[in-house]
Amino acid sequence: MPDLEARKVIELGYAGNERLVMNMGPQHPSAHGVFRAILTLEGETIVAVDAVIGYLHRCHEKLGETLTYVQYPSIASKTDYVAAMTSELAYVLAAEKIGQIEVPKRAQYLRVIAAELQRIASHCLWLGTWCMDMGGALGGGATLFLYCFRERETLLDLFEALTGARLLYGFHQVGGTRYDLPAGWAERCRSTVDLIEKRIDEYEAMLEGNAFFLARTRGVGVISRELAQEVGVSGPLIRGSGVAYDIRRVAPYSSYEAFDFKVPVETGGDCWARYRVRMVEFRESIGIVRQALEGLPPGPISSRPGVKSVGQVRIGKGEAYARVEGPRGEVGCYLVADGSAKPYRMKWRGASFSNLAVLPHIVPGHKVADVVAIMGSVDPVFGEVDR
Amino acid sequence: MAPAVRDLIAAFVLLNGVIGAVTYVTLLERKFTARMQSRIGPYRVGPHGLLQPIADALKLMMKEDVVPAMSDRWVYNLAPLAFLLPCVLVFGTIPFAPGLGLADLNIGLLFFLAVSALEIVGLFMGGWGSNNKYALLSAMRAVNQIISYDLPFIFAALIPVVLSGTLRLGGIVEAQQGGWYVAYPVIGQLGFLAYLVAMLAAENRVPFDILEAESELVAGFRVEYSGMKFALIQLAEYAHVIATSYLGALLFLGGWLGPGPGWLGAVWFTLKALAVFLLVTWVRWSFVRIRVDQILAISWKLLLPVTLMLLLAAAFVVAYQGGGGVA
């Protein structure tokens, strides 16, 4: 009697105390990648969530041991493929720390420009997909999604002009950057960020004047300050919970101390607070890009130019941990070098991985629809979670 | 010709007209949305994508019809029909112009509201019969939502009835000779607004599309449907949207009334219905979906009292002025 067996599983109790176990993912329209949340429901209310990760595991850390310092940066972009520049930067920073390699000022500024443009592009994707989670692919969410993608496209065009690639760049190398700005790029970049700044006002007008958007985000998925610190979330999540923690400020790298920018902090801890933090970050990043273009020093772009073969860069023995502030939070790379052209061991600290750990603490008690809103506001990228 | 044969032919023409209109309304919506989202929309099939709906229909017809192994077969297979039937049946009572309609019943509005409320049976059958957790949750939501929103929808639709003093749809239009009900001070505008909101909810469109809610429930009650059954559900949904758009145009925007010769009436009516439809589409593509508890709160705490008050106000005005209808 297979029929009866199957029925037994899906029966719902009308007394409200019978539970339904529902899978959200790994294949699901709102999953940002392959993520499986096993939800236990009482009616519409979630009483428990079990997060299953690992579907996108590609042995990245092992891979890092088999590739040289010249090869790996362009693979590092595949951990967090939405913000490829970030993980590349963390890797080369760690290698430079071990080898005590100097990075020319111009290269540092170029790195800042790339990182901040990447942050804007990543936040564009976050806003679009998050709204699509809440608004539906057949609704207002899709409209905002397409608007955000229109803007992200202009940024990808910039990256394409800079590196020749649109998603995974290989822009950074140990000792500097691989490419200098092409002719006319700075002008084009300025006009692009000007346009995006205007468009961000439009998004805000469209969302913040919308009572339904407010109803879906305010008070949903509250991460208290204590919880945020205990779990170790970073990036917009911890700043949305009232902690002014930004690596660019607390441990500046790549000349970030030379730039003038605000670290937005919201105290609400809910989806709305995280949204506000990211919206301010959009503008701050645009400000940093402008400053960097303005004050871009002349000079070489790498202290080790003209690398001919992949084994040419060797780094002395040592170990180092380098961290950068990615769009999703603290991205760290731990390297152990043994003096050869390849690291002996590499370890990633993915921002999404640590941020995702907060889900089981905040999801229970919410409705099914809130799961996607919370997931979207956490903004995980599963390439980075599973590596 | 025997009246029965004549009616059969008329019903056949109407049914096919509705189906044809619905397929092209989807194209209209896609084009309209594309413009909103700075896209072009369907463009490849035929000039300006005009044959796209036909291509879509053909594709759906040729698709494999998958029936889930553990489904409740009878319920599952009947659900699309049970959903489609009321959505198409309501067209029977709409007078598109004086004398142009299948049956201008003397209880036309009652018939319309009663029959269109039956769609919930099809929705629930689909959700239950699929034997899928997403579909089941969606069916639960459907019952919640439609019970909550049919009341304000009916109350909003009753305002013109009170003002005109008739349930006959043709009669309601004739009573608007002196002025469309949307122009009726306060009651008309608020009533139309309430009607639009309740209509969005009754049709399960964003922001009230928690039944479909593809980011949570994948596709809700229709998640297991494919091929022609899926097409029937889609057809029914759009037929219902068009029917309620026509009803809105009829109740508040004066139906076929408009300048020009009498034969233009049907054109005016259709244009007004399309205007209502595009208004609803515009809302659909600019809002985010709200949560099930918030939907219920809006219905019971806001919409229901407001429509009830409006209905009472309309009744009071009519009683004060004496007799049904506004002069």
# chains A, B, ... in the order shown; residues from 1 in each chain; ligands from 1

$ interface_residues --of "chain A" --to "chain B" --cutoff "6 Å" --atoms "only C-alpha atoms" --output "compact mmCIF listing (two decimals) with N, CA, C and O atoms, in the first residue's frame"
# COMPACT_ATOMS: atom_id res chain seq x y z
N ASP A 3 0.42 4.03 -1.43
CA ASP A 3 -0.39 5.27 -1.36
C ASP A 3 -0.55 5.75 0.08
O ASP A 3 -0.31 6.90 0.40
N PRO A 29 13.61 27.65 -6.17
CA PRO A 29 13.73 28.91 -6.92
C PRO A 29 14.37 30.03 -6.12
O PRO A 29 14.96 30.93 -6.70
N SER A 30 14.25 30.01 -4.79
CA SER A 30 14.78 31.15 -4.05
C SER A 30 16.14 30.85 -3.44
O SER A 30 16.67 31.66 -2.71
N ASP A 133 13.27 37.47 -4.15
CA ASP A 133 12.80 36.49 -3.16
C ASP A 133 11.51 36.94 -2.52
O ASP A 133 10.61 36.15 -2.29
N MET A 134 11.45 38.22 -2.21
CA MET A 134 10.25 38.69 -1.50
C MET A 134 9.12 39.01 -2.46
O MET A 134 7.97 38.88 -2.11
N GLY A 135 9.49 39.48 -3.65
CA GLY A 135 8.44 39.97 -4.54
C GLY A 135 8.05 38.99 -5.61
O GLY A 135 7.04 39.18 -6.28
N GLY A 139 6.53 39.29 -10.22
CA GLY A 139 5.98 40.41 -9.46
C GLY A 139 6.97 41.53 -9.36
O GLY A 139 7.93 41.59 -10.12
N GLY A 140 6.71 42.42 -8.40
CA GLY A 140 7.54 43.61 -8.28
C GLY A 140 9.00 43.30 -8.07
O GLY A 140 9.86 44.08 -8.45
N GLY A 141 9.29 42.17 -7.46
CA GLY A 141 10.68 41.81 -7.22
C GLY A 141 11.46 41.69 -8.51
O GLY A 141 12.58 42.15 -8.62
N THR A 143 10.97 43.21 -11.21
CA THR A 143 11.22 44.53 -11.79
C THR A 143 12.49 45.12 -11.20
O THR A 143 13.38 45.56 -11.92

$ select_by_dssp --residues "stretch 10-168 of chain B" --states "alpha helix (DSSP H)" --output "PyMOL selection string"
chain B and resi 10-36+52-62+73-89+108-117+119-129+133-164

$ residues_around --residues "A:Phe149" --least-positions-apart "6" --cutoff "8 Å" --atoms "only C-alpha atoms" --output "ChimeraX atom specification"
/A:124-125,128

$ write_last_selection --atoms "N, CA and C atoms" --output "JSON list (two decimals), in the first residue's frame"
[["chain", "number", "residue", "atom", "x", "y", "z"],
["A", 124, "CYS", "N", 24.44, 45.20, -5.82],
["A", 124, "CYS", "CA", 23.39, 45.26, -6.85],
["A", 124, "CYS", "C", 22.74, 43.89, -6.97],
["A", 125, "LEU", "N", 23.56, 42.87, -7.02],
["A", 125, "LEU", "CA", 23.03, 41.52, -7.15],
["A", 125, "LEU", "C", 22.24, 41.14, -5.91],
["A", 128, "GLY", "N", 18.81, 42.96, -5.94],
["A", 128, "GLY", "CA", 17.92, 42.39, -6.94],
["A", 128, "GLY", "C", 17.39, 41.04, -6.53]]

$ residues_around --residues "A:Asp270" --least-positions-apart "4" --cutoff "8 Å" --atoms "only C-alpha atoms" --output "JSON, numbers by chain"
{"A": [217, 218, 219, 220, 221, 222, 223, 240, 241, 274]}

$ residues_around --residues "stretch 100-106 of chain B" --least-positions-apart "4" --cutoff "12 Å" --atoms "only C-alpha atoms" --output "number ranges by chain"
B: 3, 6-15, 89-96, 110-112, 161, 165-173, 256, 262-267, 269

$ select_by_dssp --residues "stretch 205-354 of chain A" --states "strand (DSSP E)" --output "PyMOL selection string"
chain A and resi 317-326+329-338+343-349

$ closest_residue --among "B:Leu253, B:Ala198, B:Val67, B:Ala243" --to "B:Pro86" --atoms "only C-alpha atoms"
B:Ala243

$ residues_around --residues "A:Gly350" --least-positions-apart "2" --cutoff "7 Å" --atoms "only C-alpha atoms" --output "VMD selection string"
chain A and resid 331 to 332 348 352 to 354 384 to 385

$ write_last_selection --atoms "C-alpha atoms" --output "short mmCIF file (atom, residue, chain, number, x, y, z; two decimals), in the first residue's frame"
data_model
loop_
_atom_site.label_atom_id
_atom_site.label_comp_id
_atom_site.auth_asym_id
_atom_site.auth_seq_id
_atom_site.Cartn_x
_atom_site.Cartn_y
_atom_site.Cartn_z
CA VAL A 331 37.04 37.24 4.04
CA GLY A 332 40.22 35.75 5.40
CA TRP A 348 39.65 30.21 3.69
CA SER A 352 28.99 33.74 3.98
CA PHE A 353 29.87 30.56 5.85
CA SER A 354 30.06 32.32 9.19
CA GLU A 384 32.10 30.76 -0.60
CA VAL A 385 30.17 28.69 1.94
#
